[in-house]
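Reading through the structure tokens given below for one structure.
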Amino acid sequence: MRGSIAVKLTAIITVSMVVVFGAASIINLGLQERAAMRILRLNGTQIAELVAGATRDAMLHNDRTRIQETIVTLARQREIKRIRIMSKNGTIAYSTEPEEIGSRLNRKAEPCIVCHSGPTPPEALPRELRVRVLKRHVLGITETIPNDPDCSSAACHVHTPSRKLLGVLGVDLDLEPYAQARKESAREMTLAMLVGIVLLVGVTVVSVQRMVNRPVRKLIKETKRVASGDLSARVPEVSRDEIGALARTFNRMARELEMAREELLEWGRTLEARVQEKTQELERARDQILQVEKMASLGKLAAVVAHEINNPLASVVTYAKLLVRRLKNQELTEECRENLEYLESVASEATRCGEIVSQLLAFARRTGGEFSPTDINEVVEKALFLVRHKMELSNVTAETSLQPDLPPVVADASQIQQALMALLINACQAMEGSGGKVDLATRAVEGGAEIEVADTGPGMPPEVARRAFEPFFTTKEQGGVGLGLSVVYGIVERHRGNIDLDTALGRGCRFTLFFPENPHHLQSEEGGDR
């Protein structure tokens, strides 16, 4: 495949290896060439010193035949192309090539230029100038022959001590064998480089094929399956690298798409039932809204009626009690006593009607009240004090557990007191006759304070507890219109708090009232009611 990642990676890696290996080989060959040349220079210097040492004794005895034989013998035993000994003026005295003996070299000749490059020839050559590469693969070594003390004092031929240089020894080494060896080494190195490149390319191809090409092809194949609608396609998760992460991501995507499709199909299958269910919920919500509107209208009507009949009822109660008091102070006949009982019943029932009217007014009025920092413990104690007589008549005892460091909350103290009194009176009515106990507790919680009112009365069944805070819902056979807990709920709601009821048959009722520290209650709709 022309655009395959494997082909691109293989090509890039191959080119990179060829460049890197080629550069490394060139550098290595250069380093080897320099090292070989240093070794050749050192060996040449040592050979020149060896020739000078081998001919020294013959030179001291001026044995020309021996000198010639020595240099010829040394030239045969080693890869020496030529050895010659020249006098100071350039005349060749000894040579492995007899035809040049007696000839004189030009100072500009290649072997002589090293000493005669300056105006005055040096008496001794530095080591780095003794060895040089001449033309035609020849390494030239030049060694000066000094006039040592044992030479200047020899009996055979005497040189004056003032003469420092007697001659020059020249040795030419044939570099052709060394060149052949370097070529062979270069060929072997190139072959090794090519073999290494081929092996590395093969390993790269196999690795890329297994680690990249195959997983990517599999991923492409499964992606096409997903695109065609087969969401059951999965990719093997065989590695922990980026390809493995890609496979895991693809599988997670395919699973989520499959789940989403199943949900859509399920929605399609159950759409009719869901629509019907939502329609019923909307109908129930509409009925609740209508009920709320009816209750709102009823509340307004109750407020008007309560306001209109409150004064006449108060007059009926007052005059009935006045008549009862007058009749009790007189001697009455049997018929008058019967009328007195009727008057007492009128006063009692009128009083009960007044209480119902008061509850209606409390339910109908939605005043915001006067909010200020309030000590909840003080409100609880005051409410308990006001209903203590009622509790004693109902044989109910009270126990308090008030947190001493309770922080104040912004609230209407009178409304909270009214709510607590309603809860305490309800508890007394529930335990009237049998007696019992009411526990009141306060505690600080995050964002405000809680008041807990718990009694040991008979409790409520679940169906009653669900409707406990509904207006006009009551389980009392006499004397109640079902507004007490509704008023409590309204008070807590106006304080932006909440109320929880925990109850069951046989274990009493537990009311938990939460009041926020700052209810932010002053709002426009309530401000208009004041």
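Just remember, in the structure tokens the first chain shown is A, the second B, etc., residues are 1-based per chain, and ligands are 1-based in the order shown.
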
*Nearby residues (only C-alpha atoms) at most 12 Å from A:Arg38, same-chain spacing under 5 positions excluded, as a list in words*: Leu31, Gln32, Glu33, Asn43, Gly44, Thr45, Arg127, Glu128, Val131, Arg132, Val133 and Leu139 of chain A

*asked:* Taking 5 positions as the minimum chain separation for residues in the same chain, which residues sit within 10 Å of A:Asp455 when counting only C-alpha atoms? Answer as a PyMOL selection string.
replied: chain A and resi 396-398+423-424+426-428+430-431+436-440+503+507-511

*Considering only C-alpha atoms, state which residue in the set A:Gln403, A:Gly170, A:Val488, A:Arg182 is at the smallest distance from A:Asn28.*
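Comparing A:Gln403, A:Gly170, A:Val488, A:Arg182 against A:Asn28, the winner is A:Arg182.
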
_I want to know what sits within 8 Å of stretch 218-235 of chain A, based on only C-alpha atoms, with residues of the same chain fewer than 2 positions away left out; could you give that as a list in words?_
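Close residues of stretch 218-235 of chain A: Arg214, Pro215, Val216, Glu237, Ala247, Arg248, Phe250, Asn251, Ala254, Arg255, Leu257 and Glu258 of chain A.
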
Could you give me the residues within stretch 232-466 of chain A that DSSP places in helix (DSSP H, G or I), as a PDB file with C-alpha atoms, in the first residue's frame?
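And here's out21.pdb as it stands now:
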ATOM      1  CA  GLU A 242      -0.625   4.020  22.342  1.00  0.00           C
ATOM      2  CA  ILE A 243      -2.057   1.407  19.943  1.00  0.00           C
ATOM      3  CA  GLY A 244      -3.489  -0.485  22.917  1.00  0.00           C
ATOM      4  CA  ALA A 245      -4.926   2.739  24.345  1.00  0.00           C
ATOM      5  CA  LEU A 246      -6.485   3.458  20.950  1.00  0.00           C
ATOM      6  CA  ALA A 247      -7.990  -0.046  20.886  1.00  0.00           C
ATOM      7  CA  ARG A 248      -9.413   0.350  24.396  1.00  0.00           C
ATOM      8  CA  THR A 249     -10.867   3.746  23.482  1.00  0.00           C
ATOM      9  CA  PHE A 250     -12.422   2.312  20.326  1.00  0.00           C
ATOM     10  CA  ASN A 251     -13.957  -0.592  22.252  1.00  0.00           C
ATOM     11  CA  ARG A 252     -15.350   1.763  24.892  1.00  0.00           C
ATOM     12  CA  MET A 253     -16.811   3.975  22.164  1.00  0.00           C
ATOM     13  CA  ALA A 254     -18.373   0.953  20.442  1.00  0.00           C
ATOM     14  CA  ARG A 255     -19.877  -0.266  23.733  1.00  0.00           C
ATOM     15  CA  GLU A 256     -21.317   3.158  24.516  1.00  0.00           C
ATOM     16  CA  LEU A 257     -22.752   3.452  21.011  1.00  0.00           C
ATOM     17  CA  GLU A 258     -24.269   0.003  21.351  1.00  0.00           C
ATOM     18  CA  MET A 259     -25.782   0.911  24.724  1.00  0.00           C
ATOM     19  CA  ALA A 260     -27.082   4.186  23.323  1.00  0.00           C
ATOM     20  CA  ARG A 261     -28.692   2.370  20.404  1.00  0.00           C
ATOM     21  CA  GLU A 262     -30.267  -0.163  22.763  1.00  0.00           C
ATOM     22  CA  GLU A 263     -31.631   2.687  24.855  1.00  0.00           C
ATOM     23  CA  LEU A 264     -33.038   4.366  21.756  1.00  0.00           C
ATOM     24  CA  LEU A 265     -34.612   1.104  20.647  1.00  0.00           C
ATOM     25  CA  GLU A 266     -36.015   0.595  24.121  1.00  0.00           C
ATOM     26  CA  TRP A 267     -37.362   4.125  24.077  1.00  0.00           C
ATOM     27  CA  GLY A 268     -38.943   3.409  20.718  1.00  0.00           C
ATOM     28  CA  ARG A 269     -40.516   0.191  21.999  1.00  0.00           C
ATOM     29  CA  LEU A 271     -42.580   5.231  23.743  1.00  0.00           C
ATOM     30  CA  GLU A 272     -46.329   4.758  23.762  1.00  0.00           C
ATOM     31  CA  ALA A 273     -46.321   3.568  27.365  1.00  0.00           C
ATOM     32  CA  ARG A 274     -44.011   6.436  28.389  1.00  0.00           C
ATOM     33  CA  VAL A 275     -46.208   8.972  26.626  1.00  0.00           C
ATOM     34  CA  GLN A 276     -49.248   7.597  28.401  1.00  0.00           C
ATOM     35  CA  GLU A 277     -47.404   7.677  31.743  1.00  0.00           C
ATOM     36  CA  LYS A 278     -46.278  11.266  31.209  1.00  0.00           C
ATOM     37  CA  THR A 279     -49.805  12.196  30.168  1.00  0.00           C
ATOM     38  CA  GLN A 280     -51.140  10.789  33.416  1.00  0.00           C
ATOM     39  CA  GLU A 281     -48.453  12.695  35.353  1.00  0.00           C
ATOM     40  CA  LEU A 282     -49.456  15.896  33.587  1.00  0.00           C
ATOM     41  CA  GLU A 283     -53.103  15.231  34.392  1.00  0.00           C
ATOM     42  CA  ARG A 284     -52.228  14.668  38.048  1.00  0.00           C
ATOM     43  CA  ALA A 285     -50.154  17.846  38.046  1.00  0.00           C
ATOM     44  CA  ARG A 286     -53.071  19.729  36.486  1.00  0.00           C
ATOM     45  CA  ASP A 287     -55.430  18.338  39.147  1.00  0.00           C
ATOM     46  CA  GLN A 288     -52.981  19.415  41.838  1.00  0.00           C
ATOM     47  CA  ILE A 289     -52.767  22.907  40.342  1.00  0.00           C
ATOM     48  CA  LEU A 290     -56.555  23.105  40.254  1.00  0.00           C
ATOM     49  CA  GLN A 291     -56.669  21.902  43.855  1.00  0.00           C
ATOM     50  CA  VAL A 292     -54.106  24.537  44.850  1.00  0.00           C
ATOM     51  CA  GLU A 293     -56.142  27.216  43.104  1.00  0.00           C
ATOM     52  CA  LYS A 294     -59.270  25.973  44.872  1.00  0.00           C
ATOM     53  CA  MET A 295     -57.424  26.020  48.186  1.00  0.00           C
ATOM     54  CA  ALA A 296     -56.199  29.545  47.493  1.00  0.00           C
ATOM     55  CA  SER A 297     -59.727  30.662  46.704  1.00  0.00           C
ATOM     56  CA  LEU A 298     -61.012  28.821  49.745  1.00  0.00           C
ATOM     57  CA  GLY A 299     -58.370  30.502  51.876  1.00  0.00           C
ATOM     58  CA  LYS A 300     -59.454  33.943  50.673  1.00  0.00           C
ATOM     59  CA  LEU A 301     -63.099  33.029  51.250  1.00  0.00           C
ATOM     60  CA  ALA A 302     -62.246  31.640  54.681  1.00  0.00           C
ATOM     61  CA  ALA A 303     -60.472  34.876  55.580  1.00  0.00           C
ATOM     62  CA  VAL A 304     -63.488  36.946  54.542  1.00  0.00           C
ATOM     63  CA  VAL A 305     -65.985  34.660  56.312  1.00  0.00           C
ATOM     64  CA  ALA A 306     -63.839  34.396  59.422  1.00  0.00           C
ATOM     65  CA  HIS A 307     -63.461  38.140  59.594  1.00  0.00           C
ATOM     66  CA  GLU A 308     -67.226  38.665  59.163  1.00  0.00           C
ATOM     67  CA  ILE A 309     -68.360  36.075  61.750  1.00  0.00           C
ATOM     68  CA  ASN A 310     -65.606  36.597  64.291  1.00  0.00           C
ATOM     69  CA  ASN A 311     -67.259  39.594  65.980  1.00  0.00           C
ATOM     70  CA  PRO A 312     -70.798  38.071  66.080  1.00  0.00           C
ATOM     71  CA  LEU A 313     -69.389  34.874  67.540  1.00  0.00           C
ATOM     72  CA  ALA A 314     -67.526  36.845  70.182  1.00  0.00           C
ATOM     73  CA  SER A 315     -70.808  38.602  71.081  1.00  0.00           C
ATOM     74  CA  VAL A 316     -72.678  35.273  71.278  1.00  0.00           C
ATOM     75  CA  VAL A 317     -70.019  33.810  73.570  1.00  0.00           C
ATOM     76  CA  THR A 318     -69.957  36.907  75.761  1.00  0.00           C
ATOM     77  CA  TYR A 319     -73.759  37.156  76.199  1.00  0.00           C
ATOM     78  CA  ALA A 320     -74.130  33.407  76.659  1.00  0.00           C
ATOM     79  CA  LYS A 321     -71.523  33.364  79.448  1.00  0.00           C
ATOM     80  CA  LEU A 322     -73.168  36.462  81.008  1.00  0.00           C
ATOM     81  CA  LEU A 323     -76.541  34.702  81.090  1.00  0.00           C
ATOM     82  CA  VAL A 324     -74.955  31.569  82.532  1.00  0.00           C
ATOM     83  CA  ARG A 325     -73.331  33.611  85.314  1.00  0.00           C
ATOM     84  CA  ARG A 326     -76.641  35.372  86.146  1.00  0.00           C
ATOM     85  CA  LEU A 327     -78.653  32.176  86.201  1.00  0.00           C
ATOM     86  CA  LYS A 328     -76.104  30.397  88.427  1.00  0.00           C
ATOM     87  CA  GLU A 334     -86.015  22.266  86.884  1.00  0.00           C
ATOM     88  CA  GLU A 335     -86.840  23.846  83.530  1.00  0.00           C
ATOM     89  CA  CYS A 336     -84.410  26.749  84.139  1.00  0.00           C
ATOM     90  CA  ARG A 337     -81.657  24.327  85.026  1.00  0.00           C
ATOM     91  CA  GLU A 338     -82.250  22.595  81.731  1.00  0.00           C
ATOM     92  CA  ASN A 339     -82.070  25.981  79.946  1.00  0.00           C
ATOM     93  CA  LEU A 340     -78.837  26.712  81.840  1.00  0.00           C
ATOM     94  CA  GLU A 341     -77.325  23.576  80.398  1.00  0.00           C
ATOM     95  CA  TYR A 342     -78.438  24.702  76.976  1.00  0.00           C
ATOM     96  CA  LEU A 343     -76.745  28.075  77.472  1.00  0.00           C
ATOM     97  CA  GLU A 344     -73.510  26.400  78.609  1.00  0.00           C
ATOM     98  CA  SER A 345     -73.597  24.265  75.449  1.00  0.00           C
ATOM     99  CA  VAL A 346     -74.159  27.395  73.347  1.00  0.00           C
ATOM    100  CA  ALA A 347     -71.178  29.115  74.988  1.00  0.00           C
ATOM    101  CA  SER A 348     -68.966  26.044  74.554  1.00  0.00           C
ATOM    102  CA  GLU A 349     -69.864  25.520  70.904  1.00  0.00           C
ATOM    103  CA  ALA A 350     -69.559  29.240  70.155  1.00  0.00           C
ATOM    104  CA  THR A 351     -66.107  29.175  71.783  1.00  0.00           C
ATOM    105  CA  ARG A 352     -65.158  26.225  69.593  1.00  0.00           C
ATOM    106  CA  CYS A 353     -66.403  28.121  66.552  1.00  0.00           C
ATOM    107  CA  GLY A 354     -64.208  31.049  67.569  1.00  0.00           C
ATOM    108  CA  GLU A 355     -61.195  28.773  67.739  1.00  0.00           C
ATOM    109  CA  ILE A 356     -61.964  27.439  64.279  1.00  0.00           C
ATOM    110  CA  VAL A 357     -62.289  31.014  62.999  1.00  0.00           C
ATOM    111  CA  SER A 358     -58.907  31.885  64.572  1.00  0.00           C
ATOM    112  CA  GLN A 359     -57.318  28.920  62.827  1.00  0.00           C
ATOM    113  CA  LEU A 360     -58.889  29.979  59.540  1.00  0.00           C
ATOM    114  CA  LEU A 361     -57.508  33.488  59.967  1.00  0.00           C
ATOM    115  CA  ALA A 362     -54.054  32.141  60.815  1.00  0.00           C
ATOM    116  CA  PHE A 363     -54.153  29.916  57.746  1.00  0.00           C
ATOM    117  CA  ALA A 364     -55.436  32.621  55.422  1.00  0.00           C
ATOM    118  CA  ILE A 376     -34.413  29.640  69.516  1.00  0.00           C
ATOM    119  CA  ASN A 377     -33.945  28.249  73.033  1.00  0.00           C
ATOM    120  CA  GLU A 378     -35.836  31.208  74.509  1.00  0.00           C
ATOM    121  CA  VAL A 379     -38.711  30.712  72.035  1.00  0.00           C
ATOM    122  CA  VAL A 380     -38.937  27.001  72.933  1.00  0.00           C
ATOM    123  CA  GLU A 381     -39.044  27.741  76.659  1.00  0.00           C
ATOM    124  CA  LYS A 382     -41.742  30.396  76.213  1.00  0.00           C
ATOM    125  CA  ALA A 383     -43.918  28.102  74.066  1.00  0.00           C
ATOM    126  CA  LEU A 384     -43.535  25.324  76.619  1.00  0.00           C
ATOM    127  CA  PHE A 385     -44.514  27.711  79.420  1.00  0.00           C
ATOM    128  CA  LEU A 386     -47.690  28.788  77.614  1.00  0.00           C
ATOM    129  CA  ARG A 388     -47.747  23.773  80.367  1.00  0.00           C
ATOM    130  CA  HIS A 389     -51.266  24.010  81.900  1.00  0.00           C
ATOM    131  CA  LYS A 390     -52.715  22.156  78.890  1.00  0.00           C
ATOM    132  CA  MET A 391     -50.048  19.477  79.269  1.00  0.00           C
ATOM    133  CA  GLU A 392     -50.767  19.047  82.986  1.00  0.00           C
ATOM    134  CA  LEU A 393     -54.477  18.588  82.275  1.00  0.00           C
ATOM    135  CA  ALA A 413     -40.107  34.667  67.116  1.00  0.00           C
ATOM    136  CA  SER A 414     -43.918  34.883  67.436  1.00  0.00           C
ATOM    137  CA  GLN A 415     -44.503  32.678  64.400  1.00  0.00           C
ATOM    138  CA  ILE A 416     -42.009  30.037  65.571  1.00  0.00           C
ATOM    139  CA  GLN A 417     -43.689  30.130  68.992  1.00  0.00           C
ATOM    140  CA  GLN A 418     -47.086  29.640  67.346  1.00  0.00           C
ATOM    141  CA  ALA A 419     -45.752  26.641  65.384  1.00  0.00           C
ATOM    142  CA  LEU A 420     -44.269  25.037  68.516  1.00  0.00           C
ATOM    143  CA  MET A 421     -47.469  25.585  70.504  1.00  0.00           C
ATOM    144  CA  ALA A 422     -49.485  23.933  67.706  1.00  0.00           C
ATOM    145  CA  LEU A 423     -47.182  20.889  67.767  1.00  0.00           C
ATOM    146  CA  LEU A 424     -47.314  20.654  71.576  1.00  0.00           C
ATOM    147  CA  ILE A 425     -51.117  20.956  71.633  1.00  0.00           C
ATOM    148  CA  ASN A 426     -51.414  18.257  68.950  1.00  0.00           C
ATOM    149  CA  ALA A 427     -49.169  15.990  71.056  1.00  0.00           C
ATOM    150  CA  CYS A 428     -51.333  16.629  74.144  1.00  0.00           C
ATOM    151  CA  GLN A 429     -54.507  15.849  72.217  1.00  0.00           C
ATOM    152  CA  ALA A 430     -52.979  12.649  70.819  1.00  0.00           C
ATOM    153  CA  PRO A 462     -48.296   5.875  56.510  1.00  0.00           C
ATOM    154  CA  GLU A 463     -51.437   6.952  54.638  1.00  0.00           C
ATOM    155  CA  VAL A 464     -52.181   9.579  57.298  1.00  0.00           C
ATOM    156  CA  ALA A 465     -48.531  10.753  57.575  1.00  0.00           C
TER     157      ALA A 465
END

_Residue neighbourhood stretch 10-18 of chain A, 9 Å, only C-alpha atoms, exclusion window fewer than 2 positions, as a count of residues only_ = 17

*Find the distance between atom CA of A:Pro407 and atom CA of A:Arg443 and write it in Å to one decimal.*
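Computed distance, atom CA of A:Pro407 to atom CA of A:Arg443, equals 9.2 Å.
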
*Please provide as a list in words all residues within 10 Å of A:Leu173, with the sequence filter that same-chain residues fewer than 6 positions apart are discarded (counting only C-alpha atoms).*
Leu40, Asn43, Gly44, Ile47, Ala75, Arg78, Glu79, Ile80, Lys81, Arg82, Ile83, Val133, Leu134, His137, Val138, Leu139, Gly140 and Ile141 of chain A

*Just the residues within 12 Å of A:Thr96, please, counting only C-alpha atoms, with nothing from its chain fewer than 3 positions along; format it as an MDAnalysis selection string.*
chainID A and resid 67:76 80:85 92:93 99:101 170:172

*Quick one: distance from atom CA of A:Thr456 to atom CA of A:Ser394 in Å, one decimal?*
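A separation of 13.1 Å between them.
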
_d(atom CA of A:Met189, atom CA of A:Pro177) in Å_ = 18.2 Å

Residues of stretch 364-503 of chain A classed as strand (DSSP E) by DSSP on the backbone are to be reported as an mmCIF file with C-alpha atoms, in the first residue's frame.
data_model
loop_
_atom_site.group_PDB
_atom_site.id
_atom_site.type_symbol
_atom_site.label_atom_id
_atom_site.label_comp_id
_atom_site.auth_asym_id
_atom_site.auth_seq_id
_atom_site.Cartn_x
_atom_site.Cartn_y
_atom_site.Cartn_z
ATOM 1 C CA SER A 372 -34.747 39.693 63.616
ATOM 2 C CA PRO A 373 -31.981 37.688 65.334
ATOM 3 C CA THR A 374 -33.836 35.220 67.560
ATOM 4 C CA VAL A 396 -48.255 14.839 79.651
ATOM 5 C CA THR A 397 -44.732 15.606 80.871
ATOM 6 C CA ALA A 398 -42.049 17.536 78.967
ATOM 7 C CA GLU A 399 -38.297 17.094 78.850
ATOM 8 C CA THR A 400 -35.925 19.546 77.156
ATOM 9 C CA SER A 401 -32.404 19.191 75.759
ATOM 10 C CA LEU A 402 -31.418 22.648 74.546
ATOM 11 C CA VAL A 409 -31.138 32.812 63.589
ATOM 12 C CA VAL A 410 -32.974 35.553 61.728
ATOM 13 C CA ALA A 411 -36.642 34.678 62.294
ATOM 14 C CA GLY A 436 -47.164 10.366 77.848
ATOM 15 C CA LYS A 437 -44.047 12.441 77.322
ATOM 16 C CA VAL A 438 -42.848 15.138 74.915
ATOM 17 C CA ASP A 439 -39.142 15.684 74.248
ATOM 18 C CA LEU A 440 -37.955 19.068 72.962
ATOM 19 C CA ALA A 441 -34.386 19.461 71.700
ATOM 20 C CA THR A 442 -32.429 22.133 69.863
ATOM 21 C CA ARG A 443 -29.103 21.814 68.095
ATOM 22 C CA ALA A 444 -26.921 23.760 65.725
ATOM 23 C CA VAL A 445 -26.514 22.365 62.218
ATOM 24 C CA GLY A 448 -28.878 27.185 60.818
ATOM 25 C CA ALA A 449 -30.609 25.468 63.744
ATOM 26 C CA GLU A 450 -33.005 22.560 64.276
ATOM 27 C CA ILE A 451 -35.879 22.080 66.722
ATOM 28 C CA GLU A 452 -37.057 18.554 67.438
ATOM 29 C CA VAL A 453 -40.447 17.782 68.999
ATOM 30 C CA ALA A 454 -41.028 14.082 69.768
ATOM 31 C CA ASP A 455 -43.953 12.505 71.620
ATOM 32 C CA ASN A 498 -38.145 22.609 56.108
ATOM 33 C CA ILE A 499 -40.048 20.232 58.362
ATOM 34 C CA ASP A 500 -39.699 16.431 58.512
ATOM 35 C CA LEU A 501 -42.110 13.967 60.086
ATOM 36 C CA ASP A 502 -40.944 10.573 61.337
ATOM 37 C CA THR A 503 -43.803 8.451 62.628
#
